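Data from model.cif: mmCIF, C-alpha atoms and all ligand atoms
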data_start
loop_
_atom_site.label_atom_id
_atom_site.label_comp_id
_atom_site.auth_asym_id
_atom_site.auth_seq_id
_atom_site.Cartn_x
_atom_site.Cartn_y
_atom_site.Cartn_z
CA MET Z 8 0.00 0.00 0.00
CA ASN Z 9 1.49 3.39 -0.96
CA ARG Z 10 1.48 6.46 1.30
CA SER Z 11 -1.54 8.13 -0.24
CA ASP Z 12 -3.57 4.89 0.03
CA THR Z 13 -2.53 4.63 3.69
CA LEU Z 14 -3.64 8.22 4.34
CA SER Z 15 -7.04 7.64 2.73
CA MET Z 16 -7.57 4.39 4.65
CA ASN Z 17 -6.64 6.09 7.93
CA LYS Z 18 -8.81 9.10 7.12
CA SER Z 19 -11.92 7.00 6.47
CA SER Z 20 -11.39 5.09 9.74
CA TRP Z 21 -10.90 8.34 11.66
CA GLU Z 22 -14.03 9.87 10.07
CA ARG Z 23 -15.98 6.88 11.40
CA GLU Z 24 -14.33 6.65 14.83
CA ALA Z 25 -13.89 10.37 15.65
CA PRO Z 26 -16.77 10.57 18.20
CA ARG Z 27 -15.07 7.83 20.28
CA PHE Z 28 -12.03 10.14 20.67
CA PHE Z 29 -13.88 13.35 21.58
CA GLY Z 30 -11.59 15.03 24.15
CA ARG Z 31 -9.79 11.75 24.80
CA ALA Z 32 -6.12 12.64 24.18
CA ALA Z 33 -5.83 16.24 25.26
CA LEU Z 34 -3.70 18.54 27.36
CA PRO Z 35 -2.95 18.84 30.22
CA ASP Z 36 -2.75 15.04 29.75
CA PHE Z 37 -0.03 13.73 27.45
CA GLY Z 38 -1.54 10.26 27.14
CA PRO Z 39 -2.24 7.01 28.94
CA LEU Z 40 -0.36 6.40 32.19
CA ALA Z 41 1.93 9.39 31.61
CA PRO Z 42 2.54 12.34 33.94
CA SER Z 43 0.51 15.41 32.94
CA GLU Z 44 1.62 18.94 32.05
CA ASP Z 45 0.47 20.06 35.53
CA ARG Z 46 3.29 17.95 36.91
CA LEU Z 47 5.92 18.26 34.13
CA GLN Z 48 5.63 21.97 33.22
CA LEU Z 49 7.27 21.36 29.81
CA PHE Z 50 5.55 24.23 27.99
CA GLY Z 51 6.64 27.03 30.33
CA GLU Z 52 4.77 30.33 29.86
CA ILE Z 53 1.91 29.95 27.35
CA SER Z 54 0.33 33.36 27.87
CA GLY Z 55 0.61 35.59 24.78
CA LYS Z 56 2.05 32.77 22.63
CA ARG Z 57 1.05 31.66 19.10
CA VAL Z 58 0.43 27.93 19.25
CA LEU Z 59 -0.10 25.25 16.60
CA ASP Z 60 -1.56 21.77 17.27
CA ILE Z 61 -0.58 18.99 14.81
CA GLY Z 62 -3.43 16.44 14.73
CA CYS Z 63 -5.64 18.70 16.84
CA GLY Z 64 -8.50 16.18 16.99
CA SER Z 65 -11.55 17.57 18.79
CA GLY Z 66 -9.71 20.76 19.78
CA HIS Z 67 -9.56 20.11 23.53
CA SER Z 68 -5.79 20.70 23.74
CA LEU Z 69 -6.24 24.02 21.93
CA LYS Z 70 -8.98 24.87 24.46
CA TYR Z 71 -6.47 24.17 27.23
CA MET Z 72 -3.98 26.48 25.47
CA ALA Z 73 -6.67 29.20 25.38
CA GLU Z 74 -7.29 28.75 29.12
CA MET Z 75 -3.54 29.19 29.66
CA GLY Z 76 -3.69 32.53 27.78
CA ALA Z 77 -2.39 31.63 24.30
CA GLU Z 78 -2.81 34.54 21.88
CA GLU Z 79 -3.52 32.57 18.67
CA LEU Z 80 -4.85 29.02 18.32
CA TRP Z 81 -3.98 27.13 15.13
CA GLY Z 82 -4.60 23.47 14.39
CA LEU Z 83 -4.56 20.94 11.60
CA ASP Z 84 -6.10 17.51 11.34
CA LEU Z 85 -6.63 14.91 8.62
CA THR Z 86 -10.27 14.29 9.54
CA SER Z 87 -13.17 16.58 8.69
CA ALA Z 88 -15.25 15.19 11.61
CA GLN Z 89 -12.44 16.19 13.99
CA ILE Z 90 -12.06 19.68 12.49
CA GLU Z 91 -15.83 20.16 12.78
CA ALA Z 92 -15.75 19.02 16.44
CA ALA Z 93 -12.82 21.37 17.11
CA ARG Z 94 -14.68 24.29 15.51
CA GLN Z 95 -17.56 23.73 17.92
CA VAL Z 96 -15.32 23.23 20.98
CA LEU Z 97 -13.46 26.49 20.15
CA GLU Z 98 -16.38 28.58 18.88
CA ASN Z 99 -16.55 31.03 21.80
CA GLN Z 100 -12.86 31.86 22.00
CA GLN Z 101 -11.94 35.54 22.06
CA VAL Z 102 -8.61 34.96 20.29
CA ARG Z 103 -7.84 34.06 16.66
CA VAL Z 104 -8.66 30.42 15.81
CA SER Z 105 -7.43 28.93 12.47
CA LEU Z 106 -8.18 25.29 11.71
CA PHE Z 107 -7.11 23.33 8.62
CA GLU Z 108 -8.33 19.97 7.36
CA SER Z 109 -5.05 18.59 6.10
CA PRO Z 110 -2.58 15.73 6.46
CA MET Z 111 0.38 16.76 8.61
CA GLU Z 112 2.68 15.64 5.78
CA LYS Z 113 1.63 18.76 3.82
CA ASN Z 114 1.66 22.48 4.59
CA PRO Z 115 -1.95 23.67 4.13
CA GLY Z 116 -0.86 27.34 4.12
CA LEU Z 117 0.75 27.75 7.53
CA PRO Z 118 3.21 30.64 7.92
CA ALA Z 119 6.97 30.12 8.30
CA ASP Z 120 8.96 31.19 11.39
CA TYR Z 121 5.71 32.18 13.09
CA PHE Z 122 4.86 29.96 16.08
CA ASP Z 123 6.27 30.07 19.60
CA ILE Z 124 4.93 26.59 20.35
CA VAL Z 125 4.02 23.65 18.12
CA TYR Z 126 2.78 20.47 19.80
CA SER Z 127 1.14 17.15 19.00
CA ILE Z 128 -0.65 14.98 21.56
CA TYR Z 129 -0.90 11.37 20.43
CA ALA Z 130 -0.97 12.30 16.74
CA LEU Z 131 2.58 12.61 15.33
CA GLY Z 132 3.03 8.82 15.14
CA TRP Z 133 0.23 8.66 12.56
CA THR Z 134 2.44 10.33 9.98
CA VAL Z 135 3.31 8.32 6.89
CA ASP Z 136 6.48 10.44 6.44
CA LEU Z 137 8.16 11.46 9.69
CA LYS Z 138 11.00 13.49 8.13
CA GLN Z 139 8.69 15.48 5.89
CA THR Z 140 6.33 16.22 8.79
CA LEU Z 141 9.18 17.29 11.09
CA ASP Z 142 10.67 19.49 8.33
CA HIS Z 143 7.31 21.28 8.10
CA ILE Z 144 7.06 21.67 11.88
CA HIS Z 145 10.60 23.05 11.99
CA SER Z 146 9.68 25.61 9.31
CA TYR Z 147 6.54 26.79 11.17
CA LEU Z 148 8.45 27.54 14.39
CA LYS Z 149 10.20 30.79 15.18
CA PRO Z 150 13.91 30.39 15.96
CA GLY Z 151 13.98 29.54 19.67
CA GLY Z 152 10.47 28.03 19.46
CA THR Z 153 9.48 24.76 21.12
CA PHE Z 154 8.01 21.54 19.72
CA ILE Z 155 6.56 19.00 22.17
CA PHE Z 156 4.88 15.73 21.28
CA SER Z 157 3.62 12.58 22.95
CA TRP Z 158 2.98 9.18 21.39
CA GLU Z 159 2.61 5.54 22.32
CA HIS Z 160 5.93 4.10 23.43
CA PRO Z 161 7.33 1.86 20.65
CA MET Z 162 7.72 -1.10 23.03
CA HIS Z 163 4.08 -0.91 24.09
CA ASP Z 164 2.45 -2.79 21.18
CA ARG Z 165 5.32 -5.26 20.91
CA ILE Z 166 4.03 -6.98 24.07
CA SER Z 167 0.73 -8.85 24.41
CA TYR Z 168 -0.95 -10.62 27.31
CA GLU Z 169 -1.57 -14.23 26.33
CA ASN Z 170 -2.03 -17.43 28.31
CA GLY Z 171 -1.60 -15.66 31.65
CA ALA Z 172 1.64 -13.82 30.84
CA PHE Z 173 3.00 -10.78 29.01
CA GLN Z 174 4.98 -11.92 25.99
CA VAL Z 175 7.08 -10.10 23.41
CA LYS Z 176 5.18 -10.89 20.22
CA LYS Z 177 6.78 -8.54 17.69
CA SER Z 178 10.28 -7.21 17.10
CA TYR Z 179 11.12 -3.78 18.46
CA GLN Z 180 13.67 -3.44 15.63
CA ALA Z 181 11.23 -4.07 12.74
CA GLU Z 182 10.16 -0.65 11.48
CA GLY Z 183 7.54 0.23 8.90
CA PRO Z 184 3.80 0.29 8.23
CA GLU Z 185 1.65 -2.18 10.18
CA LEU Z 186 -2.07 -2.82 10.39
CA ASN Z 187 -2.97 -1.82 13.94
CA GLU Z 188 -4.52 -4.42 16.23
CA ALA Z 189 -6.07 -1.89 18.65
CA TRP Z 190 -8.03 -0.56 15.65
CA LYS Z 191 -9.01 -4.06 14.52
CA ASN Z 192 -6.63 -3.67 11.55
CA THR Z 193 -8.61 -0.83 9.93
CA VAL Z 194 -5.70 1.63 10.10
CA VAL Z 195 -2.00 1.55 9.29
CA ILE Z 196 0.50 2.94 11.79
CA HIS Z 197 4.24 3.07 11.13
CA HIS Z 198 6.22 1.35 13.85
CA ARG Z 199 9.32 3.42 14.65
CA LYS Z 200 12.02 2.95 17.25
CA LEU Z 201 12.56 5.65 19.85
CA SER Z 202 15.97 6.31 18.28
CA THR Z 203 14.27 6.92 14.89
CA TYR Z 204 12.11 9.66 16.41
CA VAL Z 205 15.10 11.27 18.11
CA ASN Z 206 17.49 10.98 15.14
CA THR Z 207 14.88 12.30 12.68
CA LEU Z 208 14.26 15.29 14.98
CA ILE Z 209 18.01 15.94 14.98
CA ASP Z 210 18.18 15.55 11.17
CA ALA Z 211 15.34 18.09 10.84
CA GLY Z 212 17.46 20.61 12.76
CA PHE Z 213 16.00 20.41 16.29
CA ILE Z 214 17.87 20.40 19.59
CA VAL Z 215 16.59 17.71 21.94
CA GLU Z 216 15.76 19.12 25.39
CA LYS Z 217 14.00 16.30 27.20
CA ILE Z 218 12.60 12.79 26.74
CA ILE Z 219 10.18 11.43 29.32
CA ASP Z 220 9.16 7.80 29.47
CA ASP Z 221 8.47 7.38 33.17
CA PRO Z 222 4.95 6.04 33.64
CA LEU Z 223 2.64 7.52 36.24
CA LEU Z 224 1.19 4.53 38.05
CA PRO Z 225 -1.67 4.47 40.56
CA GLU Z 226 -0.95 3.43 44.16
CA GLU Z 227 -2.89 0.22 43.71
CA TYR Z 228 -2.53 -1.82 40.52
CA PRO Z 229 -5.85 -3.05 39.09
CA ASP Z 230 -6.19 -6.48 37.53
CA ASP Z 231 -6.26 -4.98 34.01
CA HIS Z 232 -3.79 -7.20 32.11
CA GLU Z 233 -6.11 -7.57 29.10
CA LYS Z 234 -6.64 -3.85 28.47
CA TRP Z 235 -4.72 -2.14 25.63
CA TYR Z 236 -3.44 0.50 28.09
CA SER Z 237 -2.88 -1.63 31.16
CA VAL Z 238 -1.30 -0.56 34.45
CA GLN Z 239 0.09 -4.08 34.76
CA LYS Z 240 1.82 -3.67 31.38
CA ALA Z 241 3.04 -0.15 32.22
CA VAL Z 242 4.85 -1.62 35.22
CA LEU Z 243 7.00 -3.44 32.62
CA VAL Z 244 7.17 -0.95 29.71
CA PRO Z 245 5.92 2.63 29.42
CA ALA Z 246 2.64 3.23 27.57
CA THR Z 247 3.61 6.77 26.50
CA PHE Z 248 6.71 8.80 25.74
CA ILE Z 249 7.02 12.58 25.54
CA VAL Z 250 9.70 14.60 23.71
CA LYS Z 251 10.55 18.30 23.97
CA VAL Z 252 12.82 19.91 21.35
CA THR Z 253 13.68 23.46 20.29
CA LYS Z 254 14.52 25.14 17.00
CA PRO Z 255 17.92 26.78 17.41
CA VAL Z 256 18.09 30.59 17.40
C1 LIG Z 301 -5.68 10.83 19.31
S1 LIG Z 301 -6.18 12.05 18.17
C2 LIG Z 301 -5.46 13.52 18.79
C3 LIG Z 301 -6.31 14.19 19.80
C4 LIG Z 301 -5.93 15.63 20.03
N1 LIG Z 301 -4.57 15.73 20.46
C5 LIG Z 301 -6.84 16.35 20.99
O1 LIG Z 301 -6.34 17.20 21.73
O2 LIG Z 301 -8.07 16.14 20.96
C6 LIG Z 301 -5.17 11.77 16.75
C7 LIG Z 301 -5.57 12.67 15.58
O3 LIG Z 301 -4.62 12.51 14.54
C8 LIG Z 301 -5.31 12.74 13.33
N2 LIG Z 301 -4.50 12.21 12.23
C9 LIG Z 301 -4.24 10.92 11.91
N3 LIG Z 301 -3.41 10.87 10.86
C10 LIG Z 301 -3.10 12.14 10.53
C11 LIG Z 301 -2.29 12.75 9.52
N4 LIG Z 301 -1.57 12.00 8.69
N5 LIG Z 301 -2.24 14.10 9.47
C12 LIG Z 301 -2.96 14.87 10.33
N6 LIG Z 301 -3.74 14.36 11.30
C13 LIG Z 301 -3.81 13.01 11.40
C14 LIG Z 301 -6.65 12.06 13.50
O4 LIG Z 301 -7.62 12.56 12.62
C15 LIG Z 301 -6.94 12.37 14.97
O5 LIG Z 301 -7.77 13.47 15.10
#
Whole structure, structure tokens version:
Amino acid sequence: MNRSDTLSMNKSSWEREAPRFFGRAALPDFGPLAPSEDRLQLFGEISGKRVLDIGCGSGHSLKYMAEMGAEELWGLDLTSAQIEAARQVLENQQVRVSLFESPMEKNPGLPADYFDIVYSIYALGWTVDLKQTLDHIHSYLKPGGTFIFSWEHPMHDRISYENGAFQVKKSYQAEGPELNEAWKNTVVIHHRKLSTYVNTLIDAGFIVEKIIDDPLLPEEYPDDHEKWYSVQKAVLVPATFIVKVTKPV
């Protein structure tokens, strides 16, 4: 399957499934079993900043940015149902809101050297071309600007719970497009190693500031081995990782 076929397959699945994800992966949370922005304080001062959300989904992270005082709210997403949801979630904002229905692999008309903050909460890993997407993100940021993203940790879907035990079922090393089990094989996600994310960020011209893969676990562990995002699994491997980089001045 070529990249444009993958994008159209993923888009039609997202159009169908969007309501299930309404407000589900949004700041201040970075994702399942991960510490939140309230605890990590990765963004620093948001007040007065121009922010761009890559894969903005239902717009709840942009709403959080507005509550933190961001001056302009920009977002792009592949899925028209998500852009429509985001429009409604953000309709009463007093600041500029600009939303684009577009794959992140393309620039839908976003300005260069403009944003103080670009971020992506559980969306960057959907890209069919990581380098191209990161090159775009680098171009949107002002020199000195920050890019922060979270995504599922690349060890997480390598391990399954079967016959009463967690087992490594797939190779961590094997990169490339895969039909995704959590989506009942109706979408393709590219498996990438952590080093691929970091090295591609470096190749795109970013400086790596921080990588977080410590899980945030509850005091008592539920018997949730079978769940996709399981506390019992997160005791062994993180569910989520978070990366903060900057564009050099
Ligand atoms: C888990 S949701 C993100 C939720 C969002 N962070 C929020 O605050 O509500 C992932 C999003 O990525 C979008 N997406 C998937 N592939 C994409 C692509 N290639 N380009 C742009 N967006 C994409 C989906 O449409 C979906 O809205």
Within 8 Å of stretch 49-70 of chain Z, which residues of stretch 13-33 of chain Z show up? Give each one with its shortest atom-to-atom distance in Å (one decimal) and the two atoms involved, counting all atoms listed in the file, rows by chain then rising residue number, as CSV.
residue,atom,partner,partner_atom,distance
Z:Phe28,CA,Z:Ser65,CA,7.7
Z:Phe29,CA,Z:Ser65,CA,5.6
Z:Gly30,CA,Z:His67,CA,5.5
Z:Ala33,CA,Z:Ser68,CA,4.7
Find the residues near ligand LIG 301 (chain Z). Use a cut-off of 9 Å, count only C-alpha atoms and all ligand atoms, and write them as an NGL selection string. :Z and (13-14 or 17-18 or 20-22 or 25 or 28-34 or 37-38 or 60-71 or 83-90 or 93 or 108-113 or 126-136 or 140 or 196)
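Look at everything within 10 Å of (15.2, 19.8, 19.9) using only C-alpha atoms, and the residues you get are His145, Gly151, Gly152, Thr153, Phe154, Ile155, Val205, Leu208, Ile209, Ala211, Gly212, Phe213, Ile214, Val215, Glu216, Lys217, Val250, Lys251, Val252, Thr253, Lys254 and Pro255 of chain Z.
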Could you write out the selected residues, including C-alpha atoms, as a PDB file, in the frame of the given file?
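The resulting file, result.pdb, is reproduced below:
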ATOM      1  CA  HIS Z 145      10.600  23.050  11.990  1.00  0.00           C
ATOM      2  CA  GLY Z 151      13.980  29.540  19.670  1.00  0.00           C
ATOM      3  CA  GLY Z 152      10.470  28.030  19.460  1.00  0.00           C
ATOM      4  CA  THR Z 153       9.480  24.760  21.120  1.00  0.00           C
ATOM      5  CA  PHE Z 154       8.010  21.540  19.720  1.00  0.00           C
ATOM      6  CA  ILE Z 155       6.560  19.000  22.170  1.00  0.00           C
ATOM      7  CA  VAL Z 205      15.100  11.270  18.110  1.00  0.00           C
ATOM      8  CA  LEU Z 208      14.260  15.290  14.980  1.00  0.00           C
ATOM      9  CA  ILE Z 209      18.010  15.940  14.980  1.00  0.00           C
ATOM     10  CA  ALA Z 211      15.340  18.090  10.840  1.00  0.00           C
ATOM     11  CA  GLY Z 212      17.460  20.610  12.760  1.00  0.00           C
ATOM     12  CA  PHE Z 213      16.000  20.410  16.290  1.00  0.00           C
ATOM     13  CA  ILE Z 214      17.870  20.400  19.590  1.00  0.00           C
ATOM     14  CA  VAL Z 215      16.590  17.710  21.940  1.00  0.00           C
ATOM     15  CA  GLU Z 216      15.760  19.120  25.390  1.00  0.00           C
ATOM     16  CA  LYS Z 217      14.000  16.300  27.200  1.00  0.00           C
ATOM     17  CA  VAL Z 250       9.700  14.600  23.710  1.00  0.00           C
ATOM     18  CA  LYS Z 251      10.550  18.300  23.970  1.00  0.00           C
ATOM     19  CA  VAL Z 252      12.820  19.910  21.350  1.00  0.00           C
ATOM     20  CA  THR Z 253      13.680  23.460  20.290  1.00  0.00           C
ATOM     21  CA  LYS Z 254      14.520  25.140  17.000  1.00  0.00           C
ATOM     22  CA  PRO Z 255      17.920  26.780  17.410  1.00  0.00           C
TER      23      PRO Z 255
END
Nearest to Z:His143 among Z:Gln101, Z:Asn114, Z:Gln48, Z:Ser167, with distances taken over all atoms listed in the file: which residue is it?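 Answer, going by the shortest atom-to-atom distance: Z:Asn114.
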Just want the 10 Å neighbourhood of Z:Ala119, counted on all atoms listed in the file, with same-chain residues fewer than 6 positions away dropped. Output as a ChimeraX atom specification. /Z:143-149
Could you dump the residues just selected with C-alpha atoms as an mmCIF file, keeping the file's coordinate frame?
data_model
loop_
_atom_site.group_PDB
_atom_site.id
_atom_site.type_symbol
_atom_site.label_atom_id
_atom_site.label_comp_id
_atom_site.auth_asym_id
_atom_site.auth_seq_id
_atom_site.Cartn_x
_atom_site.Cartn_y
_atom_site.Cartn_z
ATOM 1 C CA HIS Z 143 7.310 21.280 8.100
ATOM 2 C CA ILE Z 144 7.060 21.670 11.880
ATOM 3 C CA HIS Z 145 10.600 23.050 11.990
ATOM 4 C CA SER Z 146 9.680 25.610 9.310
ATOM 5 C CA TYR Z 147 6.540 26.790 11.170
ATOM 6 C CA LEU Z 148 8.450 27.540 14.390
ATOM 7 C CA LYS Z 149 10.200 30.790 15.180
#
Could you state the separation of atom CA of Z:Val104 and atom CA of Z:Glu44 in Å, given to one decimal place?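 Separation between atom CA of Z:Val104 and atom CA of Z:Glu44: 22.4 Å.
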Draw an axis-aligned box tight on the listed atoms of stretch 226-241 of chain Z, then pad every side by 8 Å and write out centre and edge lengths in Å to one decimal as AutoDock Vina command-line options.
--center_x -1.8 --center_y -2.1 --center_z 34.9 --size_x 25.7 --size_y 27.0 --size_z 34.5
Of the candidates Z:Ala189, Z:Met8, Z:Val175, Z:Ala41, which shows the shortest atom-to-atom distance to Z:Ile249, using only C-alpha atoms? Z:Ala41
Rank Z:Pro35, Z:Glu227, Z:Tyr204, Z:Asp220 by their smallest atom-to-atom distance to Z:Leu137, using only C-alpha atoms, and report the top residue only. Z:Tyr204
In Å, with one decimal, what is the gap from atom CA of Z:His163 to atom CA of Z:Ser237? 9.9 Å
Nearest-residue call for Z:Asp231, choices Z:Asp36, Z:Tyr168, Z:Asn99, Z:Pro184, using only C-alpha atoms: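 Among the listed residues, the smallest separation from Z:Asp231 belongs to Z:Tyr168.
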Please identify all polymer residues within 12 Å of Z:Ala172, counting all atoms listed in the file, omitting same-chain residues fewer than 3 positions from it, and present them as a PDB file with C-alpha atoms, in the coordinates of the input.
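Listed below is the output, result_10.pdb:
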ATOM      1  CA  ILE Z 166       4.030  -6.980  24.070  1.00  0.00           C
ATOM      2  CA  SER Z 167       0.730  -8.850  24.410  1.00  0.00           C
ATOM      3  CA  TYR Z 168      -0.950 -10.620  27.310  1.00  0.00           C
ATOM      4  CA  GLU Z 169      -1.570 -14.230  26.330  1.00  0.00           C
ATOM      5  CA  VAL Z 175       7.080 -10.100  23.410  1.00  0.00           C
ATOM      6  CA  LYS Z 176       5.180 -10.890  20.220  1.00  0.00           C
ATOM      7  CA  HIS Z 232      -3.790  -7.200  32.110  1.00  0.00           C
ATOM      8  CA  GLU Z 233      -6.110  -7.570  29.100  1.00  0.00           C
ATOM      9  CA  GLN Z 239       0.090  -4.080  34.760  1.00  0.00           C
ATOM     10  CA  LYS Z 240       1.820  -3.670  31.380  1.00  0.00           C
ATOM     11  CA  LEU Z 243       7.000  -3.440  32.620  1.00  0.00           C
TER      12      LEU Z 243
END
Given all atoms listed in the file as the basis, pick out the residue of Z:Pro245, Z:Pro115, Z:Gly76, Z:Pro229 nearest to Z:Glu159.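 With all atoms listed in the file as the atom set, the closest residue is Z:Pro245.
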Atom CA of Z:Val238 and atom CA of Z:Arg23 are how many Å apart?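 Pair atom CA of Z:Val238 / atom CA of Z:Arg23 returns 28.3 Å.
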Go through Z:Glu78, Z:Ser157, Z:Gly183, Z:Arg46 and flag the residue nearest Z:Ile124, using only C-alpha atoms for the distances. Z:Glu78
Residue contacts of Z:Leu224 (7 Å, only C-alpha atoms) excluding same-chain residues fewer than 2 positions away, as a PDB file with C-alpha atoms, keeping the file's coordinate frame:
ATOM      1  CA  LEU Z  40      -0.360   6.400  32.190  1.00  0.00           C
ATOM      2  CA  PRO Z 222       4.950   6.040  33.640  1.00  0.00           C
ATOM      3  CA  GLU Z 226      -0.950   3.430  44.160  1.00  0.00           C
ATOM      4  CA  VAL Z 238      -1.300  -0.560  34.450  1.00  0.00           C
TER       5      VAL Z 238
END
